[in-house]
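Shown below: work.csv, with CSV, C-alpha atoms and all ligand atoms.
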chain,number,residue,atom,x,y,z
A,242,MET,CA,96.9,75.8,78.1
A,243,VAL,CA,97.4,79.5,78.6
A,244,ASN,CA,96.4,81.6,75.7
A,245,SER,CA,99.4,83.9,75.1
A,246,SER,CA,97.8,86.3,72.6
A,247,ILE,CA,95.4,89.1,73.2
A,248,SER,CA,92.1,87.7,72.1
A,249,ASN,CA,89.4,90.4,72.2
A,250,CYS,CA,88.5,93.8,73.4
A,251,ASP,CA,87.6,92.7,76.9
A,252,ARG,CA,90.7,90.8,77.7
A,253,GLY,CA,94.2,92.1,78.2
A,254,ILE,CA,97.6,90.8,79.3
A,255,VAL,CA,98.6,92.2,82.6
A,256,PHE,CA,101.8,91.3,84.4
A,257,ASN,CA,101.4,92.9,87.7
A,258,ILE,CA,98.9,94.8,89.8
A,259,GLN,CA,100.8,96.8,92.5
A,260,ARG,CA,99.0,98.5,95.4
A,261,TYR,CA,99.8,101.5,97.5
A,262,SER,CA,102.1,103.4,95.1
A,263,LEU,CA,102.8,107.0,95.9
A,264,HIS,CA,104.9,107.8,92.8
A,265,ASP,CA,102.7,107.3,89.8
A,266,GLY,CA,100.1,110.0,90.1
A,267,ASP,CA,98.3,111.9,92.8
A,268,GLY,CA,97.5,110.2,96.1
A,269,ILE,CA,97.7,106.5,96.8
A,270,ARG,CA,97.4,104.5,93.6
A,271,THR,CA,97.1,101.0,92.3
A,272,ILE,CA,99.1,100.4,89.2
A,273,VAL,CA,98.1,98.0,86.5
A,274,PHE,CA,101.2,96.9,84.6
A,275,MET,CA,100.4,95.8,81.0
A,276,LYS,CA,102.5,93.7,78.7
A,277,GLY,CA,104.0,94.9,75.5
A,278,CYS,CA,106.0,97.9,74.4
A,279,PRO,CA,106.8,99.2,70.9
A,280,LEU,CA,110.1,100.7,72.1
A,281,ARG,CA,113.2,98.8,73.1
A,282,CYS,CA,115.0,101.4,75.2
A,283,ALA,CA,118.5,100.2,75.8
A,284,TRP,CA,118.3,101.0,79.6
A,285,CYS,CA,114.8,99.6,80.1
A,286,ALA,CA,114.3,98.7,83.8
A,287,ASN,CA,111.3,96.5,83.0
A,288,PRO,CA,112.5,94.0,80.4
A,289,GLU,CA,109.7,91.6,81.4
A,290,SER,CA,107.2,94.2,80.1
A,291,GLN,CA,108.6,94.5,76.6
A,292,ALA,CA,107.3,91.3,74.8
A,293,ALA,CA,103.5,91.5,74.2
A,294,ASN,CA,103.0,87.8,74.9
A,295,ILE,CA,103.0,85.9,78.2
A,296,GLU,CA,106.5,84.4,78.8
A,297,VAL,CA,108.2,82.2,81.4
A,298,SER,CA,110.3,83.9,84.0
A,299,LEU,CA,113.1,81.8,85.6
A,300,LYS,CA,114.8,83.1,88.8
A,301,THR,CA,117.6,80.6,89.1
A,302,ILE,CA,118.5,82.1,92.5
A,303,HIS,CA,115.3,80.4,93.9
A,304,CYS,CA,116.0,77.1,92.2
A,305,ILE,CA,116.8,74.1,94.4
A,306,GLY,CA,117.5,71.8,91.4
A,307,CYS,CA,114.6,69.4,92.0
A,308,ARG,CA,114.1,69.0,88.2
A,309,SER,CA,110.3,68.9,88.7
A,310,CYS,CA,109.9,71.5,86.0
A,311,GLU,CA,111.9,69.4,83.5
A,312,VAL,CA,109.8,66.3,84.2
A,313,HIS,CA,106.5,68.2,83.7
A,314,CYS,CA,107.4,70.2,80.6
A,315,PRO,CA,105.5,68.6,77.7
A,316,HIS,CA,107.8,70.0,75.1
A,317,GLN,CA,111.3,69.3,76.5
A,318,ALA,CA,111.9,73.0,76.6
A,319,ILE,CA,113.7,72.8,80.0
A,320,ARG,CA,117.3,71.6,80.1
A,321,PHE,CA,119.8,71.5,82.9
A,322,LEU,CA,123.2,73.0,82.7
A,323,ASP,CA,125.5,72.7,85.8
A,324,GLY,CA,122.6,71.7,87.9
A,325,LYS,CA,120.5,74.8,86.9
A,326,PRO,CA,117.5,74.9,84.5
A,327,THR,CA,117.6,76.7,81.2
A,328,ILE,CA,114.6,77.3,78.9
A,329,ALA,CA,114.7,76.7,75.2
A,330,ARG,CA,112.2,79.5,74.6
A,331,GLU,CA,111.7,78.5,71.0
A,332,LEU,CA,110.1,75.3,72.2
A,333,CYS,CA,108.1,76.8,75.0
A,334,THR,CA,104.3,77.2,74.5
A,335,VAL,CA,103.8,78.9,77.8
A,336,CYS,CA,101.5,76.0,79.0
A,337,GLY,CA,102.3,76.9,82.6
A,338,ASN,CA,103.1,73.3,83.7
A,339,CYS,CA,106.6,74.4,85.0
A,340,GLU,CA,105.0,77.1,87.1
A,341,GLN,CA,102.6,74.6,88.6
A,342,ALA,CA,105.4,72.1,89.2
A,343,CYS,CA,107.8,74.5,90.8
A,344,ASN,CA,107.4,74.8,94.6
A,345,THR,CA,109.9,77.5,95.1
A,346,GLY,CA,108.6,80.2,92.7
A,347,ALA,CA,111.7,80.0,90.5
A,348,MET,CA,109.5,79.3,87.5
A,349,SER,CA,106.6,81.6,86.9
A,350,LEU,CA,104.5,82.9,84.0
A,351,MET,CA,105.1,86.6,83.4
A,352,GLY,CA,101.7,88.0,82.4
A,353,GLN,CA,98.1,86.7,82.6
A,354,GLU,CA,95.0,87.3,80.6
A,355,MET,CA,92.5,89.3,82.6
A,356,THR,CA,89.1,90.7,81.7
A,357,VAL,CA,88.2,94.4,82.4
A,358,GLU,CA,85.9,93.2,85.2
A,359,GLU,CA,88.6,91.2,86.8
A,360,VAL,CA,91.0,94.1,86.8
A,361,PHE,CA,88.2,96.4,88.0
A,362,HIS,CA,87.3,94.2,90.9
A,363,GLN,CA,90.9,93.8,92.1
A,364,VAL,CA,91.6,97.5,92.0
A,365,ILE,CA,88.3,98.8,93.3
A,366,SER,CA,89.0,97.1,96.7
A,367,ASP,CA,91.4,100.0,97.2
A,368,ARG,CA,88.8,102.6,96.8
A,369,PRO,CA,88.9,103.7,100.5
A,370,PHE,CA,92.6,104.6,100.0
A,371,PHE,CA,91.8,106.4,96.8
A,372,ASP,CA,89.0,108.4,98.4
A,373,ALA,CA,91.2,109.3,101.4
A,374,SER,CA,94.1,110.5,99.3
A,375,ASN,CA,92.7,111.7,96.0
A,376,GLY,CA,94.4,108.6,94.5
A,377,GLY,CA,93.2,106.2,91.8
A,378,VAL,CA,94.3,103.7,89.2
A,379,THR,CA,97.4,104.1,87.0
A,380,PHE,CA,97.9,102.1,83.8
A,381,SER,CA,101.5,101.4,83.1
A,382,GLY,CA,103.7,98.9,81.4
A,383,GLY,CA,105.2,98.2,79.0
A,384,GLU,CA,103.1,100.5,77.0
A,385,PRO,CA,99.3,100.3,77.7
A,386,LEU,CA,98.4,101.8,74.3
A,387,MET,CA,99.7,98.5,72.8
A,388,GLN,CA,96.4,97.0,74.0
A,389,PRO,CA,94.1,99.8,72.9
A,390,HIS,CA,90.7,98.1,73.0
A,391,PHE,CA,91.2,96.6,76.4
A,392,LEU,CA,92.8,99.8,77.7
A,393,LYS,CA,89.9,101.9,76.5
A,394,ASN,CA,87.3,99.7,78.1
A,395,ALA,CA,89.2,99.5,81.4
A,396,LEU,CA,89.7,103.3,81.5
A,397,ARG,CA,86.1,103.8,80.7
A,398,ARG,CA,85.0,101.4,83.5
A,399,PHE,CA,87.1,103.3,86.1
A,400,HIS,CA,86.1,106.7,84.8
A,401,GLU,CA,82.4,105.8,85.0
A,402,ALA,CA,83.0,104.7,88.6
A,403,ASN,CA,84.5,108.1,89.4
A,404,ILE,CA,88.0,106.6,90.0
A,405,SER,CA,90.9,108.9,89.0
A,406,THR,CA,92.8,107.5,86.0
A,407,VAL,CA,96.5,108.0,85.0
A,408,LEU,CA,98.1,106.6,81.9
A,409,GLU,CA,101.9,106.3,81.8
A,410,THR,CA,102.9,106.3,78.2
A,411,CYS,CA,105.9,106.5,75.9
A,412,GLY,CA,103.5,108.2,73.4
A,413,PHE,CA,104.3,105.9,70.5
A,414,ALA,CA,100.8,105.1,69.2
A,415,SER,CA,98.5,106.3,66.3
A,416,LYS,CA,96.5,109.5,66.8
A,417,GLU,CA,93.3,107.4,66.5
A,418,ILE,CA,94.3,105.2,69.4
A,419,LEU,CA,95.3,108.2,71.5
A,420,GLU,CA,92.0,109.9,70.8
A,421,SER,CA,90.1,106.7,71.6
A,422,VAL,CA,91.3,106.8,75.3
A,423,GLN,CA,91.8,110.5,75.8
A,424,SER,CA,88.5,111.4,77.4
A,425,TYR,CA,88.9,108.6,80.0
A,426,VAL,CA,92.4,109.7,81.1
A,427,ASP,CA,92.6,112.3,83.9
A,428,THR,CA,96.4,112.6,83.7
A,429,PHE,CA,98.9,111.5,81.1
A,430,TYR,CA,102.4,110.8,82.4
A,431,PHE,CA,104.2,111.2,79.1
A,432,ASP,CA,107.8,110.1,78.8
A,433,ILE,CA,110.2,111.7,76.3
A,434,LYS,CA,113.8,110.6,75.7
A,435,LEU,CA,115.8,112.4,73.0
A,436,MET,CA,115.1,115.2,70.6
A,437,ASP,CA,117.3,114.0,67.8
A,438,SER,CA,115.3,111.5,65.9
A,439,GLU,CA,118.2,109.4,64.7
A,440,MET,CA,119.6,109.2,68.2
A,441,HIS,CA,116.2,108.3,69.5
A,442,LYS,CA,116.0,105.5,67.0
A,443,LYS,CA,119.5,104.3,67.9
A,444,PHE,CA,118.6,104.0,71.6
A,445,THR,CA,114.9,103.1,71.5
A,446,SER,CA,114.4,101.4,68.1
A,447,VAL,CA,111.9,104.0,66.9
A,448,SER,CA,112.1,107.6,65.7
A,449,ASN,CA,110.5,110.3,67.8
A,450,GLU,CA,108.3,112.3,65.4
A,451,ARG,CA,105.1,110.5,66.3
A,452,ILE,CA,105.8,110.8,70.0
A,453,LEU,CA,106.5,114.5,69.9
A,454,SER,CA,103.4,115.1,67.7
A,455,ASN,CA,101.2,113.1,70.2
A,456,LEU,CA,102.6,115.1,73.1
A,457,ALA,CA,101.8,118.4,71.3
A,458,TYR,CA,98.3,117.1,70.4
A,459,LEU,CA,97.5,116.2,74.0
A,460,GLN,CA,98.6,119.5,75.3
A,461,ARG,CA,96.8,121.4,72.5
A,462,THR,CA,93.5,119.6,73.1
A,463,GLY,CA,93.4,120.2,76.8
A,464,SER,CA,94.6,117.0,78.4
A,465,ARG,CA,96.5,117.2,81.7
A,466,VAL,CA,100.0,116.1,80.7
A,467,LEU,CA,103.0,115.7,83.0
A,468,VAL,CA,106.2,115.2,81.0
A,469,ARG,CA,109.1,113.1,82.3
A,470,MET,CA,112.5,112.2,80.9
A,471,PRO,CA,114.8,109.5,82.1
A,472,PHE,CA,118.1,111.4,82.5
A,473,ILE,CA,120.8,109.1,81.2
A,474,PRO,CA,124.5,110.2,81.1
A,475,GLY,CA,125.9,109.5,77.6
A,476,VAL,CA,122.5,109.3,76.0
A,477,ASN,CA,120.5,112.5,76.6
A,478,ASP,CA,122.5,114.7,79.0
A,479,SER,CA,124.2,116.9,76.3
A,480,LYS,CA,123.6,120.6,76.4
A,481,GLU,CA,122.3,120.3,72.8
A,482,ASN,CA,119.7,117.8,73.7
A,483,LEU,CA,118.6,119.6,76.9
A,484,VAL,CA,118.3,122.9,75.1
A,485,ALA,CA,116.3,121.3,72.3
A,486,THR,CA,114.0,119.6,74.9
A,487,GLY,CA,113.5,122.8,76.8
A,488,MET,CA,112.8,124.8,73.6
A,489,TYR,CA,110.3,122.2,72.3
A,490,LEU,CA,108.4,122.1,75.6
A,491,LYS,CA,108.3,125.9,75.6
A,492,LYS,CA,107.0,125.9,72.0
A,493,ILE,CA,104.1,123.6,72.8
A,494,ASP,CA,103.3,125.4,76.1
A,495,ILE,CA,104.3,122.6,78.5
A,496,PRO,CA,105.6,124.4,81.6
A,497,GLU,CA,107.4,121.7,83.5
A,498,ILE,CA,109.5,118.5,83.1
A,499,GLN,CA,110.5,115.9,85.6
A,500,LEU,CA,113.9,114.3,85.3
A,501,LEU,CA,114.2,110.7,86.4
A,502,PRO,CA,117.9,109.9,87.2
A,503,TYR,CA,119.2,106.7,85.5
A,504,HIS,CA,119.6,103.6,87.6
A,505,SER,CA,120.4,100.0,86.7
A,506,TYR,CA,118.0,98.2,89.2
A,507,GLY,CA,116.4,96.4,86.3
A,508,ALA,CA,119.6,94.7,85.1
A,509,SER,CA,119.1,91.6,87.2
A,510,LYS,CA,115.7,91.0,85.6
A,511,TYR,CA,117.1,90.5,82.1
A,512,PRO,CA,118.4,86.9,82.6
A,513,THR,CA,115.0,85.9,84.1
A,514,VAL,CA,113.4,86.4,80.6
A,515,GLY,CA,116.4,84.9,78.8
A,516,ARG,CA,118.2,88.2,77.9
A,517,ALA,CA,121.4,90.0,78.8
A,518,TYR,CA,121.6,93.6,80.0
A,519,LYS,CA,124.2,95.3,77.7
A,520,PHE,CA,123.7,98.9,78.5
A,521,HIS,CA,126.3,101.0,80.3
A,522,SER,CA,125.9,104.4,81.9
A,523,HIS,CA,126.2,105.7,85.5
A,524,VAL,CA,123.9,107.1,88.1
A,525,PRO,CA,124.1,110.9,87.5
A,526,SER,CA,125.7,113.0,90.2
A,527,THR,CA,124.1,115.8,92.0
A,528,GLU,CA,126.2,118.2,89.8
A,529,GLU,CA,125.1,116.6,86.6
A,530,MET,CA,121.4,116.8,87.6
A,531,GLU,CA,121.8,120.4,88.7
A,532,ASN,CA,123.6,121.3,85.5
A,533,ALA,CA,120.7,119.8,83.5
A,534,ARG,CA,118.2,121.6,85.6
A,535,LYS,CA,119.9,125.0,85.0
A,536,ILE,CA,119.9,124.4,81.2
A,537,LEU,CA,116.2,123.6,81.1
A,538,VAL,CA,115.3,126.4,83.4
A,539,GLY,CA,117.3,128.7,81.1
A,540,CYS,CA,114.8,127.7,78.4
A,541,GLY,CA,111.9,128.8,80.5
A,542,VAL,CA,110.8,125.3,81.7
A,543,LYS,CA,110.4,124.4,85.4
A,544,VAL,CA,112.2,121.2,86.4
A,545,LYS,CA,111.3,118.6,89.0
A,546,ILE,CA,113.9,116.1,90.1
A,601,LIG,S1,105.6,76.9,80.1
A,601,LIG,FE1,107.2,75.7,81.1
A,601,LIG,S2,106.4,73.6,81.0
A,601,LIG,FE2,105.3,74.8,79.5
A,601,LIG,S3,106.4,74.5,77.6
A,601,LIG,FE3,107.2,76.4,78.5
A,601,LIG,S4,109.0,75.7,79.7
A,601,LIG,FE4,107.7,73.9,79.2
A,602,LIG,S1,110.9,73.0,89.6
A,602,LIG,FE1,111.7,75.0,90.3
A,602,LIG,S2,113.1,74.5,92.0
A,602,LIG,FE2,112.8,72.6,90.8
A,602,LIG,S3,114.4,72.6,89.3
A,602,LIG,FE3,112.6,73.6,88.3
A,602,LIG,S4,113.0,75.8,88.7
A,602,LIG,FE4,114.3,74.6,90.1
Can you dump the structure from the file as structure tokens?
Amino acid sequence: MVNSSISNCDRGIVFNIQRYSLHDGDGIRTIVFMKGCPLRCAWCANPESQAANIEVSLKTIHCIGCRSCEVHCPHQAIRFLDGKPTIARELCTVCGNCEQACNTGAMSLMGQEMTVEEVFHQVISDRPFFDASNGGVTFSGGEPLMQPHFLKNALRRFHEANISTVLETCGFASKEILESVQSYVDTFYFDIKLMDSEMHKKFTSVSNERILSNLAYLQRTGSRVLVRMPFIPGVNDSKENLVATGMYLKKIDIPEIQLLPYHSYGASKYPTVGRAYKFHSHVPSTEEMENARKILVGCGVKVKI
């Protein structure tokens, strides 16, 4: 049986290790995606990352209706409706039998327990690419700070091996946790969403005070921090929010922000983990992006799009 909880400091739950990325730090990078996030952003493109535990992913598009998964499930958690399987997730113990029984890849476990050494040995095989491009390892998620002991040990392992480390974070963690990893992180990719705390809570489920305080702390204490903001029409594109964002960054001496235009590529992943994508926005136009850029530049902040 698969252990679906995080058991000790040396083991973490990872749901993907992606090689040859050019977008998540300097050079060529290998990204370690970790399970669990304290936020529930309405637009999240990685719904499979949000739950901290391992879960079953079901891609019905790959299902040929052989019913092998149903036969092998020891808890009668798989039921058929119109010839397609559904999962009664309250009965599922993530034993992994359905994944083993499924020959098409329709059933799979999302997340696996890995030790620091297992992650290190997978990633370190890419060292020639890191050396040739000033790349390295990037921890992403989910929110890696949700697994603080594993993350600290993993970051330290790479740091001691002279591999560049990036941490992609939503910034929602205690100061103690942030401090515990800080010296092993070469660059923080720090995401902010909204400056109004009530609005932040409405769209992400948490208020933003701790996030903004952590951002200021990292900048004040000399970490390399690159700030990003998903740019989402109807959520954070108002002049009021953009001015407040620009003024805050200026106040805490952060010179630049990257705007990431909203997309809905993650919508199709929601049903695979038993959820529905309910968020509505649109891909921002060139004019909308340019307007936002001008407002932020007017506050004295450089903008990367
Ligand atoms: S992992 Fe699959 S086989 Fe195991 S209990 Fe859950 S649905 Fe059933
Ligand atoms: S084992 Fe795989 S292909 Fe067969 S019914 Fe289950 S999900 Fe579909």
- Query: What's the 7 Å shell around Leu435 (chain A), counting only C-alpha atoms, without same-chain residues fewer than 6 positions away, as a ChimeraX atom specification?
  - Reply: /A:441,477,482
- Task: Please write out the residues within 12 Å of ligand LIG 602 (chain A) as a ChimeraX atom specification, counting all atoms listed in the file.
- Result: /A:297-314,318-328,337-349,513
- Pick out the residues sitting within 10 Å of Ile498 (chain A), and hand them over as a list in words; count only C-alpha atoms, and ignore anything fewer than 2 positions along from it in its own chain.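 With the cut-off at 10 Å, the set is Phe431, Asp432, Ile433, Leu467, Val468, Arg469, Met470, Thr486, Gly487, Leu490, Ile495, Pro496, Leu500, Leu501, Arg534, Leu537, Val538, Val542, Lys543, Val544, Lys545 and Ile546 of chain A.
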- Item | Distance of CA of His362 (chain A) from CA of Gly268 (chain A), expressed in Å to one decimal place |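 Separation between CA of Gly268 (chain A) and CA of His362 (chain A): 19.7 Å.
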- Tell me, in Å to one decimal, how far CA of Ser290 (chain A) is from CA of Leu459 (chain A).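 Computing the Euclidean distance for CA of Ser290 (chain A) and CA of Leu459 (chain A) yields 24.8 Å.
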- Item | Distance in Å - CA of Thr356 (chain A) versus CA of Asp251 (chain A) | 5.4 Å
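Checking A:Arg252, A:His504, A:Arg330, A:Arg461 one by one against ligand LIG 601 (chain A), counting only C-alpha atoms and all ligand atoms, you find the shortest gap at A:Arg330.
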- Message: Given all atoms listed in the file as the basis, pick out the residue of A:His316, A:Lys393, A:His521, A:Lys443 nearest to ligand LIG 601 (chain A).
- Response: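 Looking only at the distances to ligand LIG 601 (chain A), the closest residue turns out to be A:His316.
Using all atoms listed in the file, the nearest neighbour of ligand LIG 601 (chain A) within the list A:Gly515, A:Gln423, A:Tyr458, A:Phe429 is A:Gly515.
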